[in-house]
$ cat target_24.cif   # mmCIF, C-alpha atoms
data_coords
#
loop_
_atom_site.label_atom_id
_atom_site.label_comp_id
_atom_site.auth_asym_id
_atom_site.auth_seq_id
_atom_site.Cartn_x
_atom_site.Cartn_y
_atom_site.Cartn_z
CA MET A 1 -33.64 -39.96 33.68
CA LYS A 2 -34.79 -36.64 32.28
CA SER A 3 -32.40 -35.02 34.73
CA LYS A 4 -29.50 -37.14 33.42
CA GLN A 5 -30.46 -36.21 29.85
CA ASN A 6 -30.30 -32.49 30.65
CA GLN A 7 -26.96 -32.92 32.45
CA SER A 8 -25.50 -34.66 29.40
CA SER A 9 -26.80 -31.89 27.16
CA VAL A 10 -25.25 -29.17 29.33
CA ALA A 11 -21.94 -31.03 29.58
CA LEU A 12 -21.71 -31.44 25.83
CA MET A 13 -22.59 -27.82 25.21
CA LYS A 14 -19.77 -26.81 27.57
CA HIS A 15 -17.35 -29.19 25.88
CA THR A 16 -18.14 -27.82 22.44
CA LYS A 17 -18.15 -24.19 23.66
CA GLY A 18 -21.77 -23.72 22.66
CA ARG A 19 -21.14 -24.44 18.96
CA VAL A 20 -23.49 -27.47 18.82
CA SER A 21 -27.13 -26.35 18.95
CA SER A 22 -29.02 -29.62 18.38
CA VAL A 23 -27.86 -31.65 21.42
CA LYS A 24 -31.12 -31.88 23.34
CA PRO A 25 -33.36 -33.00 20.43
CA LEU A 26 -30.89 -35.69 19.43
CA LEU A 27 -30.55 -37.04 22.97
CA HIS A 28 -34.34 -37.05 23.31
CA CYS A 29 -34.67 -39.10 20.13
CA LEU A 30 -32.10 -41.63 21.32
CA TRP A 31 -33.83 -41.96 24.68
CA LEU A 32 -37.24 -42.77 23.13
CA THR A 33 -35.79 -45.58 21.03
CA THR A 34 -33.90 -47.30 23.87
CA CYS A 35 -36.01 -47.10 27.01
CA ASN A 36 -37.36 -50.70 26.79
CA SER A 37 -34.12 -52.65 26.63
CA SER A 38 -30.98 -52.72 28.81
CA LYS A 39 -29.08 -54.11 25.83
CA MET A 40 -30.24 -51.24 23.70
CA LYS A 41 -29.19 -48.85 26.49
CA PHE A 42 -25.62 -50.03 26.02
CA MET A 43 -25.91 -49.51 22.25
CA MET A 44 -27.38 -46.06 22.86
CA ARG A 45 -24.42 -45.11 25.06
CA ALA A 46 -22.00 -46.34 22.38
CA ALA A 47 -23.84 -44.40 19.68
CA LEU A 48 -23.89 -41.33 21.88
CA GLY A 49 -20.13 -41.66 22.38
CA VAL A 50 -19.60 -41.76 18.61
CA TRP A 51 -21.88 -38.74 18.18
CA ILE A 52 -19.97 -36.79 20.84
CA LEU A 53 -16.72 -37.62 19.04
CA SER A 54 -18.16 -36.30 15.79
CA ALA A 55 -19.30 -33.14 17.58
CA VAL A 56 -15.77 -32.58 18.85
CA LEU A 57 -14.45 -33.06 15.34
CA CYS A 58 -16.89 -30.40 14.14
CA VAL A 59 -15.50 -28.02 16.70
CA GLU A 60 -11.97 -28.80 15.51
CA THR A 61 -13.07 -28.08 11.96
CA ALA A 62 -14.38 -24.69 13.05
CA GLU A 63 -11.05 -24.02 14.73
CA GLU A 64 -9.28 -25.02 11.51
CA GLN A 65 -11.40 -22.41 9.73
CA ASP A 66 -10.21 -19.82 12.26
CA THR A 67 -6.64 -20.90 11.52
CA ALA A 68 -7.30 -20.49 7.80
CA GLY A 69 -8.50 -16.95 8.51
CA ASN A 70 -5.32 -16.23 10.42
CA SER A 71 -3.31 -17.64 7.53
CA THR A 72 -5.06 -15.28 5.11
CA ALA A 73 -4.30 -12.34 7.39
CA GLN A 74 -0.66 -13.41 7.58
CA LYS A 75 -0.39 -13.61 3.79
CA THR A 76 -1.98 -10.17 3.46
CA ALA A 77 0.59 -8.85 5.94
CA LEU A 78 3.35 -10.40 3.79
CA VAL A 79 2.07 -8.54 0.73
CA PHE A 80 1.91 -5.26 2.64
CA SER A 81 5.47 -5.80 3.90
CA SER A 82 6.66 -6.48 0.34
CA ASN A 83 4.98 -3.26 -0.83
CA LYS A 84 7.02 -1.29 1.71
CA GLU A 85 10.26 -2.96 0.65
CA LEU A 86 9.49 -2.28 -3.02
CA GLY A 87 9.13 1.42 -2.24
CA PHE A 88 12.62 1.65 -0.77
CA ASN A 89 14.17 -0.61 -3.42
CA LEU A 90 12.66 1.57 -6.13
CA TYR A 91 13.77 4.74 -4.34
CA ARG A 92 17.38 3.52 -4.06
CA LYS A 93 17.44 2.60 -7.75
CA MET A 94 16.17 6.03 -8.68
CA ALA A 95 18.52 7.87 -6.30
CA SER A 96 21.58 6.08 -7.73
CA HIS A 97 20.53 6.34 -11.38
CA ALA A 98 22.24 8.94 -13.56
CA ASP A 99 18.90 10.17 -14.91
CA PHE A 100 17.81 11.29 -11.44
CA GLN A 101 20.97 12.96 -10.17
CA GLY A 102 20.38 16.46 -8.85
CA LYS A 103 16.60 16.09 -9.16
CA ASN A 104 13.71 15.86 -6.75
CA ILE A 105 12.38 12.33 -6.32
CA PHE A 106 8.74 11.87 -5.47
CA PHE A 107 6.48 8.93 -6.24
CA SER A 108 3.80 6.65 -4.83
CA PRO A 109 5.09 3.13 -4.02
CA VAL A 110 1.49 2.00 -3.61
CA SER A 111 0.52 3.19 -7.08
CA VAL A 112 3.49 1.39 -8.68
CA SER A 113 2.76 -1.79 -6.69
CA VAL A 114 -0.92 -1.80 -7.63
CA ALA A 115 -0.24 -1.33 -11.36
CA LEU A 116 2.41 -4.07 -11.54
CA ALA A 117 0.40 -6.48 -9.37
CA ALA A 118 -2.59 -5.95 -11.66
CA LEU A 119 -0.34 -6.72 -14.65
CA CYS A 120 0.71 -9.91 -12.83
CA VAL A 121 -2.88 -11.13 -13.11
CA GLY A 122 -2.41 -11.47 -16.85
CA ALA A 123 1.21 -12.66 -16.84
CA GLY A 124 2.44 -16.22 -17.08
CA GLY A 125 5.62 -18.28 -17.06
CA GLU A 126 8.93 -16.48 -16.61
CA THR A 127 7.29 -13.06 -17.01
CA HIS A 128 5.08 -13.74 -14.01
CA LYS A 129 8.05 -15.02 -11.99
CA GLN A 130 10.03 -11.85 -12.74
CA LEU A 131 7.15 -9.57 -11.83
CA PHE A 132 6.40 -11.53 -8.66
CA SER A 133 10.04 -11.52 -7.58
CA GLY A 134 10.56 -7.87 -8.56
CA LEU A 135 7.56 -6.89 -6.42
CA GLY A 136 9.15 -8.76 -3.51
CA PHE A 137 6.59 -11.59 -3.33
CA ASN A 138 7.86 -14.99 -2.23
CA SER A 139 6.27 -17.54 -4.56
CA SER A 140 6.73 -20.34 -2.00
CA LEU A 141 4.57 -18.41 0.49
CA LEU A 142 2.19 -16.45 -1.75
CA THR A 143 0.03 -17.20 -4.76
CA GLN A 144 -1.44 -14.71 -7.21
CA THR A 145 -4.79 -15.25 -5.48
CA ASP A 146 -3.22 -14.26 -2.15
CA VAL A 147 -1.82 -11.10 -3.73
CA ASP A 148 -5.15 -10.24 -5.33
CA HIS A 149 -6.92 -10.61 -1.99
CA ALA A 150 -4.35 -8.42 -0.23
CA PHE A 151 -4.74 -5.60 -2.74
CA ARG A 152 -8.49 -5.81 -2.42
CA VAL A 153 -8.05 -5.27 1.34
CA LEU A 154 -5.60 -2.41 0.73
CA LEU A 155 -7.74 -0.58 -1.82
CA SER A 156 -10.91 -1.00 0.23
CA LYS A 157 -9.37 1.17 2.97
CA SER A 158 -9.72 4.35 0.90
CA ASN A 159 -11.86 6.96 2.64
CA GLU A 160 -13.02 10.53 2.31
CA ASP A 161 -9.47 11.96 2.30
CA SER A 162 -8.01 9.51 -0.22
CA SER A 163 -8.94 7.38 -3.20
CA GLU A 164 -7.15 4.55 -4.97
CA GLY A 165 -7.95 2.22 -7.82
CA THR A 166 -7.16 1.04 -11.33
CA ALA A 167 -8.57 1.34 -14.81
CA VAL A 168 -8.07 -0.52 -18.06
CA PHE A 169 -8.68 1.01 -21.49
CA VAL A 170 -9.19 -1.65 -24.16
CA ASP A 171 -9.28 -1.27 -27.93
CA SER A 172 -12.74 -2.07 -29.25
CA ARG A 173 -11.26 -4.72 -31.57
CA PHE A 174 -9.42 -6.51 -28.71
CA LYS A 175 -11.09 -9.05 -26.42
CA PRO A 176 -9.26 -9.73 -23.14
CA GLN A 177 -9.97 -12.81 -21.05
CA PRO A 178 -13.14 -12.30 -18.96
CA GLU A 179 -11.30 -13.77 -15.94
CA PHE A 180 -8.60 -11.09 -16.25
CA LEU A 181 -11.17 -8.29 -16.34
CA ASP A 182 -13.17 -9.82 -13.47
CA THR A 183 -10.08 -9.95 -11.23
CA LEU A 184 -9.22 -6.34 -12.04
CA LYS A 185 -12.74 -5.28 -11.16
CA ASN A 186 -13.12 -7.34 -7.97
CA SER A 187 -9.62 -7.16 -6.49
CA TYR A 188 -8.14 -3.97 -7.94
CA PHE A 189 -11.30 -1.87 -8.07
CA GLY A 190 -10.79 -1.52 -11.81
CA ASP A 191 -12.93 0.52 -14.17
CA GLY A 192 -13.11 -0.68 -17.77
CA PHE A 193 -13.46 1.35 -20.96
CA ASN A 194 -13.53 0.64 -24.68
CA VAL A 195 -11.54 3.06 -26.83
CA ASP A 196 -10.36 3.25 -30.43
CA PHE A 197 -6.56 3.31 -30.30
CA THR A 198 -6.47 3.93 -34.05
CA LYS A 199 -7.47 7.45 -33.00
CA PRO A 200 -4.55 8.20 -30.63
CA THR A 201 -5.50 11.79 -29.86
CA ASP A 202 -8.99 10.82 -28.74
CA SER A 203 -7.62 7.86 -26.74
CA ILE A 204 -5.02 10.02 -24.99
CA ASN A 205 -7.65 12.60 -24.10
CA THR A 206 -9.95 9.89 -22.72
CA ILE A 207 -7.22 8.41 -20.50
CA ASN A 208 -5.94 11.77 -19.29
CA SER A 209 -9.44 13.01 -18.53
CA TYR A 210 -10.07 9.94 -16.38
CA VAL A 211 -6.82 10.41 -14.43
CA ALA A 212 -7.49 14.14 -14.01
CA GLU A 213 -10.92 13.37 -12.56
CA LYS A 214 -9.54 10.78 -10.11
CA THR A 215 -6.68 13.06 -8.95
CA LYS A 216 -8.82 16.21 -8.75
CA GLY A 217 -6.93 17.77 -11.65
CA LYS A 218 -3.47 17.29 -10.10
CA ILE A 219 -2.31 14.89 -12.83
CA ASP A 220 -3.86 15.82 -16.16
CA LYS A 221 -1.28 14.59 -18.69
CA LEU A 222 -0.21 11.12 -17.64
CA VAL A 223 -0.10 10.03 -21.29
CA GLU A 224 1.55 12.27 -23.87
CA ASN A 225 1.81 9.79 -26.73
CA LEU A 226 0.84 6.22 -27.50
CA ASP A 227 2.60 3.48 -29.41
CA ALA A 228 0.89 2.87 -32.75
CA ASN A 229 0.31 -0.78 -31.78
CA THR A 230 -1.37 -0.06 -28.43
CA ILE A 231 -4.37 -2.28 -27.75
CA MET A 232 -4.71 -1.85 -23.99
CA TYR A 233 -3.67 0.70 -21.35
CA LEU A 234 -3.60 -0.30 -17.68
CA LEU A 235 -3.17 2.33 -14.98
CA SER A 236 -3.45 2.88 -11.24
CA TYR A 237 -4.07 6.09 -9.36
CA ILE A 238 -3.87 7.40 -5.82
CA TYR A 239 -5.03 10.74 -4.45
CA TYR A 240 -4.67 12.05 -0.93
CA LYS A 241 -5.60 15.35 0.69
CA GLY A 242 -4.91 15.84 4.38
CA LYS A 243 -5.32 18.72 6.79
CA TRP A 244 -2.74 19.22 9.52
CA ALA A 245 -3.86 18.22 13.00
CA THR A 246 -2.03 21.42 14.05
CA PRO A 247 -1.95 23.87 11.10
CA PHE A 248 0.82 26.35 10.43
CA ASP A 249 -0.16 30.00 10.85
CA PRO A 250 0.00 31.72 7.40
CA GLU A 251 0.87 35.00 9.15
CA LEU A 252 4.16 33.47 10.28
CA THR A 253 5.27 32.29 6.83
CA ARG A 254 8.32 34.26 5.67
CA LYS A 255 10.63 34.45 2.67
CA ASP A 256 13.81 32.44 3.28
CA GLU A 257 16.56 30.54 1.45
CA PHE A 258 16.87 26.86 0.64
CA ILE A 259 20.39 25.44 0.17
CA VAL A 260 20.46 23.32 -3.00
CA ASP A 261 24.24 22.77 -2.93
CA GLU A 262 27.43 24.58 -1.92
CA ASN A 263 27.04 27.11 -4.70
CA THR A 264 23.28 27.38 -5.06
CA LYS A 265 20.56 28.84 -2.88
CA VAL A 266 16.98 29.42 -3.95
CA PRO A 267 14.21 31.53 -2.36
CA VAL A 268 11.35 29.75 -0.60
CA GLN A 269 8.33 30.59 1.51
CA MET A 270 9.21 29.06 4.90
CA MET A 271 6.35 28.04 7.21
CA TYR A 272 6.90 28.29 10.94
CA MET A 273 5.49 27.01 14.19
CA LYS A 274 6.68 26.85 17.79
CA LYS A 275 4.92 23.94 19.47
CA HIS A 276 5.35 20.50 20.99
CA VAL A 277 5.99 18.05 18.16
CA ASP A 278 6.99 14.37 17.89
CA VAL A 279 10.72 14.09 17.24
CA TYR A 280 13.48 11.50 17.19
CA TYR A 281 17.19 11.61 16.46
CA ASP A 282 18.57 8.46 14.85
CA GLN A 283 22.23 8.32 15.84
CA GLY A 284 22.98 5.40 13.56
CA LEU A 285 21.84 7.40 10.53
CA ASN A 286 22.75 10.85 11.91
CA THR A 287 19.26 11.93 10.93
CA SER A 288 16.67 14.12 12.63
CA VAL A 289 13.12 12.83 12.30
CA LEU A 290 9.97 14.96 12.58
CA HIS A 291 6.49 13.45 12.64
CA LEU A 292 3.47 15.65 11.85
CA SER A 293 -0.05 14.21 11.92
CA PHE A 294 -2.99 14.98 9.67
CA ASN A 295 -6.62 14.93 10.84
CA SER A 296 -6.84 11.24 9.95
CA SER A 297 -4.79 8.08 10.31
CA LYS A 298 -2.25 9.57 7.87
CA SER A 299 0.85 11.54 8.78
CA ILE A 300 4.07 12.86 7.26
CA VAL A 301 7.58 12.00 8.37
CA LEU A 302 10.33 14.48 7.50
CA LEU A 303 13.97 13.34 7.58
CA LEU A 304 16.89 15.76 7.80
CA PRO A 305 20.17 13.81 7.51
CA GLU A 306 23.75 14.91 8.04
CA ASN A 307 24.61 12.89 4.93
CA MET A 308 21.88 12.13 2.40
CA ALA A 309 23.70 9.17 0.79
CA THR A 310 24.10 7.44 4.17
CA LEU A 311 20.39 7.74 4.84
CA GLU A 312 19.36 6.63 1.34
CA ASN A 313 21.54 3.50 1.41
CA ALA A 314 20.37 2.33 4.84
CA ILE A 315 16.72 3.35 5.24
CA SER A 316 14.16 0.55 5.53
CA PRO A 317 10.58 0.02 6.76
CA GLY A 318 12.00 -1.08 10.11
CA HIS A 319 13.32 2.42 10.72
CA PHE A 320 9.80 3.87 10.51
CA THR A 321 8.56 1.29 13.01
CA LYS A 322 11.34 2.26 15.42
CA TRP A 323 10.87 6.00 14.96
CA LEU A 324 7.12 5.93 15.51
CA LYS A 325 7.57 3.79 18.61
CA TRP A 326 10.27 5.86 20.30
CA MET A 327 9.39 9.41 19.32
CA LYS A 328 9.00 11.94 22.12
CA SER A 329 6.90 15.10 22.18
CA ARG A 330 9.14 18.14 22.69
CA ARG A 331 8.84 21.85 22.13
CA TYR A 332 10.59 23.00 18.95
CA GLU A 333 10.70 25.82 16.48
CA ILE A 334 9.81 24.20 13.17
CA TYR A 335 10.61 25.61 9.74
CA VAL A 336 9.19 23.71 6.75
CA PRO A 337 9.22 25.05 3.17
CA LYS A 338 5.92 25.68 1.43
CA PHE A 339 6.05 24.28 -2.10
CA SER A 340 4.40 22.47 -4.99
CA ILE A 341 6.30 19.93 -7.05
CA LYS A 342 5.45 17.59 -9.89
CA THR A 343 7.51 14.63 -11.05
CA SER A 344 7.26 12.47 -14.15
CA TYR A 345 9.16 9.23 -14.78
CA LYS A 346 9.48 6.53 -17.37
CA LEU A 347 10.34 3.44 -15.34
CA ASN A 348 11.29 0.94 -18.05
CA ASN A 349 15.03 1.03 -17.30
CA ILE A 350 14.58 1.06 -13.53
CA LEU A 351 12.22 -1.93 -13.55
CA THR A 352 14.51 -3.80 -15.94
CA GLU A 353 17.41 -3.29 -13.52
CA MET A 354 15.18 -4.69 -10.77
CA GLY A 355 14.78 -7.94 -12.75
CA MET A 356 11.46 -7.28 -14.50
CA THR A 357 12.88 -7.62 -18.01
CA ASP A 358 10.80 -9.96 -20.16
CA MET A 359 7.62 -7.88 -20.15
CA PHE A 360 9.40 -5.28 -22.31
CA THR A 361 10.73 -7.83 -24.85
CA ASP A 362 9.51 -10.43 -27.30
CA ARG A 363 9.84 -12.97 -24.48
CA ALA A 364 6.86 -11.39 -22.70
CA ASP A 365 4.18 -13.85 -21.57
CA LEU A 366 0.92 -11.97 -21.01
CA SER A 367 -1.25 -14.90 -22.08
CA GLY A 368 -3.53 -14.39 -19.08
CA ILE A 369 -4.80 -11.24 -20.77
CA ALA A 370 -5.42 -12.80 -24.17
CA PRO A 371 -4.32 -16.38 -24.97
CA GLY A 372 -2.77 -16.86 -28.39
CA GLN A 373 -1.88 -13.19 -28.83
CA LYS A 374 1.66 -11.88 -28.43
CA LEU A 375 1.50 -8.91 -26.09
CA VAL A 376 4.34 -6.78 -24.73
CA VAL A 377 4.62 -3.81 -22.38
CA SER A 378 5.71 -0.69 -24.28
CA GLU A 379 6.28 1.58 -21.27
CA VAL A 380 5.63 2.09 -17.59
CA VAL A 381 5.22 5.77 -16.64
CA HIS A 382 4.62 7.40 -13.30
CA GLN A 383 3.75 10.92 -12.25
CA ALA A 384 3.35 12.39 -8.81
CA THR A 385 2.50 15.76 -7.31
CA LEU A 386 2.84 17.22 -3.85
CA ASP A 387 1.46 20.51 -2.54
CA LEU A 388 2.57 21.38 0.98
CA ASP A 389 1.18 24.49 2.64
CA GLU A 390 -0.05 25.90 5.96
CA SER A 391 -3.29 23.91 5.91
CA GLY A 392 -1.95 20.51 4.96
CA ALA A 393 -0.83 18.37 2.03
CA THR A 394 -2.35 17.27 -1.26
CA ALA A 395 -0.43 14.45 -2.84
CA SER A 396 0.11 12.03 -5.61
CA GLY A 397 3.66 11.89 -4.12
CA ALA A 398 5.64 12.21 -0.84
CA THR A 399 7.82 14.35 1.54
CA GLY A 400 10.69 14.02 4.16
CA ILE A 401 11.93 15.84 7.37
CA GLY A 402 14.68 16.32 10.04
CA ILE A 403 15.21 17.48 13.64
CA THR A 404 17.98 18.77 15.98
CA LEU A 405 18.75 17.68 19.53
CA LEU A 406 16.96 19.37 22.40
CA SER A 407 18.83 22.25 24.01
CA PHE A 408 18.19 23.39 27.56
CA GLN A 409 19.31 26.96 26.89
CA HIS A 410 16.66 27.79 24.33
CA THR A 411 13.90 26.30 22.21
CA PRO A 412 15.73 24.19 19.59
CA VAL A 413 15.23 24.87 15.90
CA LEU A 414 14.40 22.38 13.13
CA LYS A 415 14.88 24.09 9.81
CA PHE A 416 14.38 22.17 6.58
CA ASN A 417 16.42 24.50 4.44
CA LYS A 418 18.51 21.85 2.69
CA ALA A 419 17.91 18.49 1.01
CA PHE A 420 15.53 16.29 2.99
CA MET A 421 13.54 13.08 2.58
CA LEU A 422 9.85 12.65 3.32
CA ALA A 423 7.16 10.02 3.48
CA ILE A 424 3.38 10.14 3.82
CA LEU A 425 2.14 7.02 5.59
CA ASP A 426 -0.85 5.39 7.20
CA ARG A 427 -0.11 5.06 10.92
CA ASN A 428 -2.50 2.11 11.31
CA THR A 429 -0.77 -0.09 8.73
CA GLN A 430 2.52 1.85 8.42
CA ASN A 431 1.94 1.55 4.67
CA ILE A 432 3.93 4.22 2.82
CA LEU A 433 1.66 6.01 0.35
CA PHE A 434 4.25 8.48 -0.97
CA THR A 435 7.97 8.96 -0.54
CA GLY A 436 10.82 10.98 -1.98
CA LYS A 437 13.41 13.65 -1.37
CA ILE A 438 13.36 17.39 -1.96
CA ILE A 439 16.57 18.83 -3.37
CA ASN A 440 15.06 21.99 -4.81
CA PRO A 441 11.48 22.93 -3.84
CA ASN A 442 11.32 25.42 -6.74
CA ILE A 443 11.59 22.78 -9.49
#
$ encode --input "target_24.cif" --output "structure tokens"
Amino acid sequence: MKSKQNQSSVALMKHTKGRVSSVKPLLHCLWLTTCNSSKMKFMMRAALGVWILSAVLCVETAEEQDTAGNSTAQKTALVFSSNKELGFNLYRKMASHADFQGKNIFFSPVSVSVALAALCVGAGGETHKQLFSGLGFNSSLLTQTDVDHAFRVLLSKSNEDSSEGTAVFVDSRFKPQPEFLDTLKNSYFGDGFNVDFTKPTDSINTINSYVAEKTKGKIDKLVENLDANTIMYLLSYIYYKGKWATPFDPELTRKDEFIVDENTKVPVQMMYMKKHVDVYYDQGLNTSVLHLSFNSSKSIVLLLPENMATLENAISPGHFTKWLKWMKSRRYEIYVPKFSIKTSYKLNNILTEMGMTDMFTDRADLSGIAPGQKLVVSEVVHQATLDLDESGATASGATGIGITLLSFQHTPVLKFNKAFMLAILDRNTQNILFTGKIINPNI
């Protein structure tokens, strides 16, 4: 009978894939209590059958937990996908807006997403719906908790070449909800500071010093003035510094011209290399695509279109997926301008046009920050910088590129000497950290 007991134990362990560890002791206990009665043997077998059924149900519960984990991963992927879409939606709004005509565009979609998602934590009612929808989140598929978890995953991926996070500066007389502050700290890696906004100069210096420290001095004047009624300032930051996997040789950099428009050319320092590089020509967009890797999971994609408006109106995250999949390594002569740019935007009008209206008006519902107090957003500002040189890129912004078709007569040339788009992305997640277009690298 001992042999039968062991066989039953092994069979059950196989059936439950090894997840039940207490089979043998339980069977042993049942055997001791039933060995003196054939009637009790029948009862033992019935009880054992019920126990086996419960063991199977335990296994199913474990599998349900695995499914829940998959569901969480799927929701995180939805948030990441929405972040990408927001970047292009925001870019198109900026490119078509009168305030941005004839200007470089460079910003961090991730930084904008993080700041607005963090604001969502404290929003309620219609204000929350507008923010959620404007950020591209489907409220029937995602909750605020799902979004918070996804941004925690995103921000935790920062490494030695990049840093991301948030901070909230609170007036010493103002007491936000502890739950709001806890979520900022745990999900958005938020730092918290008490300041005296009745002393605007000191408060501005405190905020700007923090941002300057986090961006290694690249952005040192995010805030130039504060509304007299300010009680809280919420910000996000992102900093990235990457070294080319294949650097440009400084000895080959030469003075050249960049075509701003039909009537305007400006001098630039043009970097050069002649090597095998990853290229793709998108016939649908009439755009040459160049992909240059950094010594990390990050890379830069440069887009050189025949017609900038055509590219701007059609580009989507799906294009990047296609380009990265189908790129081929070919030998090219590459010319890329060396430059440093800095952009500064007030996004109130752009975000309003994207449906996020109430937060700027007396209809704002930010009761999750402080119940019973009427709060309103006074402004949303964004700054970005990009330094591109022979060694790599340092960014709080983004870049774009283009490529010509391969010629069999000579080594083809890719020369970015006119308006081009760019994007700095993480190849593992295809998350776009920075994006924009360069019209004049001297501005």
$ atom_distance --input "target_24.cif" --atom1 "atom CA of A:Ser108" --atom2 "atom CA of A:Lys328"
28.0 Å
$ residues_around --input "target_24.cif" --residues "A:Ala370" --least-positions-apart "4" --cutoff "8 Å" --atoms "all atoms listed in the file" --output "number ranges by chain"
A: 175-177, 366
$ write_last_selection --input "target_24.cif" --atoms "C-alpha atoms" --output "CSV table (one decimal), in the coordinates of the input"
chain,number,residue,atom,x,y,z
A,175,LYS,CA,-11.1,-9.0,-26.4
A,176,PRO,CA,-9.3,-9.7,-23.1
A,177,GLN,CA,-10.0,-12.8,-21.0
A,366,LEU,CA,0.9,-12.0,-21.0
$ closest_atom_pairs --input "target_24.cif" --of "stretch 84-175 of chain A" --to "stretch 293-313 of chain A" --cutoff "10 Å" --atoms "all atoms listed in the file" --output "Markdown table"
| residue | atom | partner | partner_atom | distance |
| --- | --- | --- | --- | --- |
| A:Phe88 | CA | A:Glu312 | CA | 8.6 |
| A:Asn89 | CA | A:Asn313 | CA | 9.7 |
| A:Tyr91 | CA | A:Glu312 | CA | 8.2 |
| A:Arg92 | CA | A:Glu312 | CA | 6.5 |
| A:Ala95 | CA | A:Glu312 | CA | 7.8 |
| A:Ser96 | CA | A:Ala309 | CA | 9.3 |
| A:Asn159 | CA | A:Ser296 | CA | 9.8 |
| A:Glu160 | CA | A:Ser296 | CA | 9.9 |
| A:Asp161 | CA | A:Ser296 | CA | 8.1 |
| A:Ser162 | CA | A:Lys298 | CA | 9.9 |
$ closest_residue --input "target_24.cif" --among "A:Asn440, A:Thr246, A:Thr76, A:Asn205" --to "A:Lys338" --atoms "all atoms listed in the file"
A:Asn440
$ closest_residue --input "target_24.cif" --among "A:Trp326, A:Phe169, A:Tyr237, A:Phe320" --to "A:Leu422" --atoms "all atoms listed in the file"
A:Phe320
$ axis_aligned_box --input "target_24.cif" --around "stretch 94-111 of chain A" --padding-each-side "5 Å" --output "lines of an AutoDock Vina configuration file"
center_x = 11.4
center_y = 9.2
center_z = -9.3
size_x = 31.7
size_y = 24.5
size_z = 21.3
$ atom_distance --input "target_24.cif" --atom1 "atom CA of A:Leu90" --atom2 "atom CA of A:Arg363"
23.6 Å
$ residues_around --input "target_24.cif" --residues "A:Leu78" --least-positions-apart "2" --cutoff "10 Å" --atoms "all atoms listed in the file" --output "number ranges by chain"
A: 72-76, 80-83, 136-138, 141-142, 146-147, 150
$ closest_residue --input "target_24.cif" --among "A:Glu333, A:Glu353, A:Glu379, A:Asp426" --to "A:Leu252" --atoms "all atoms listed in the file"
A:Glu333
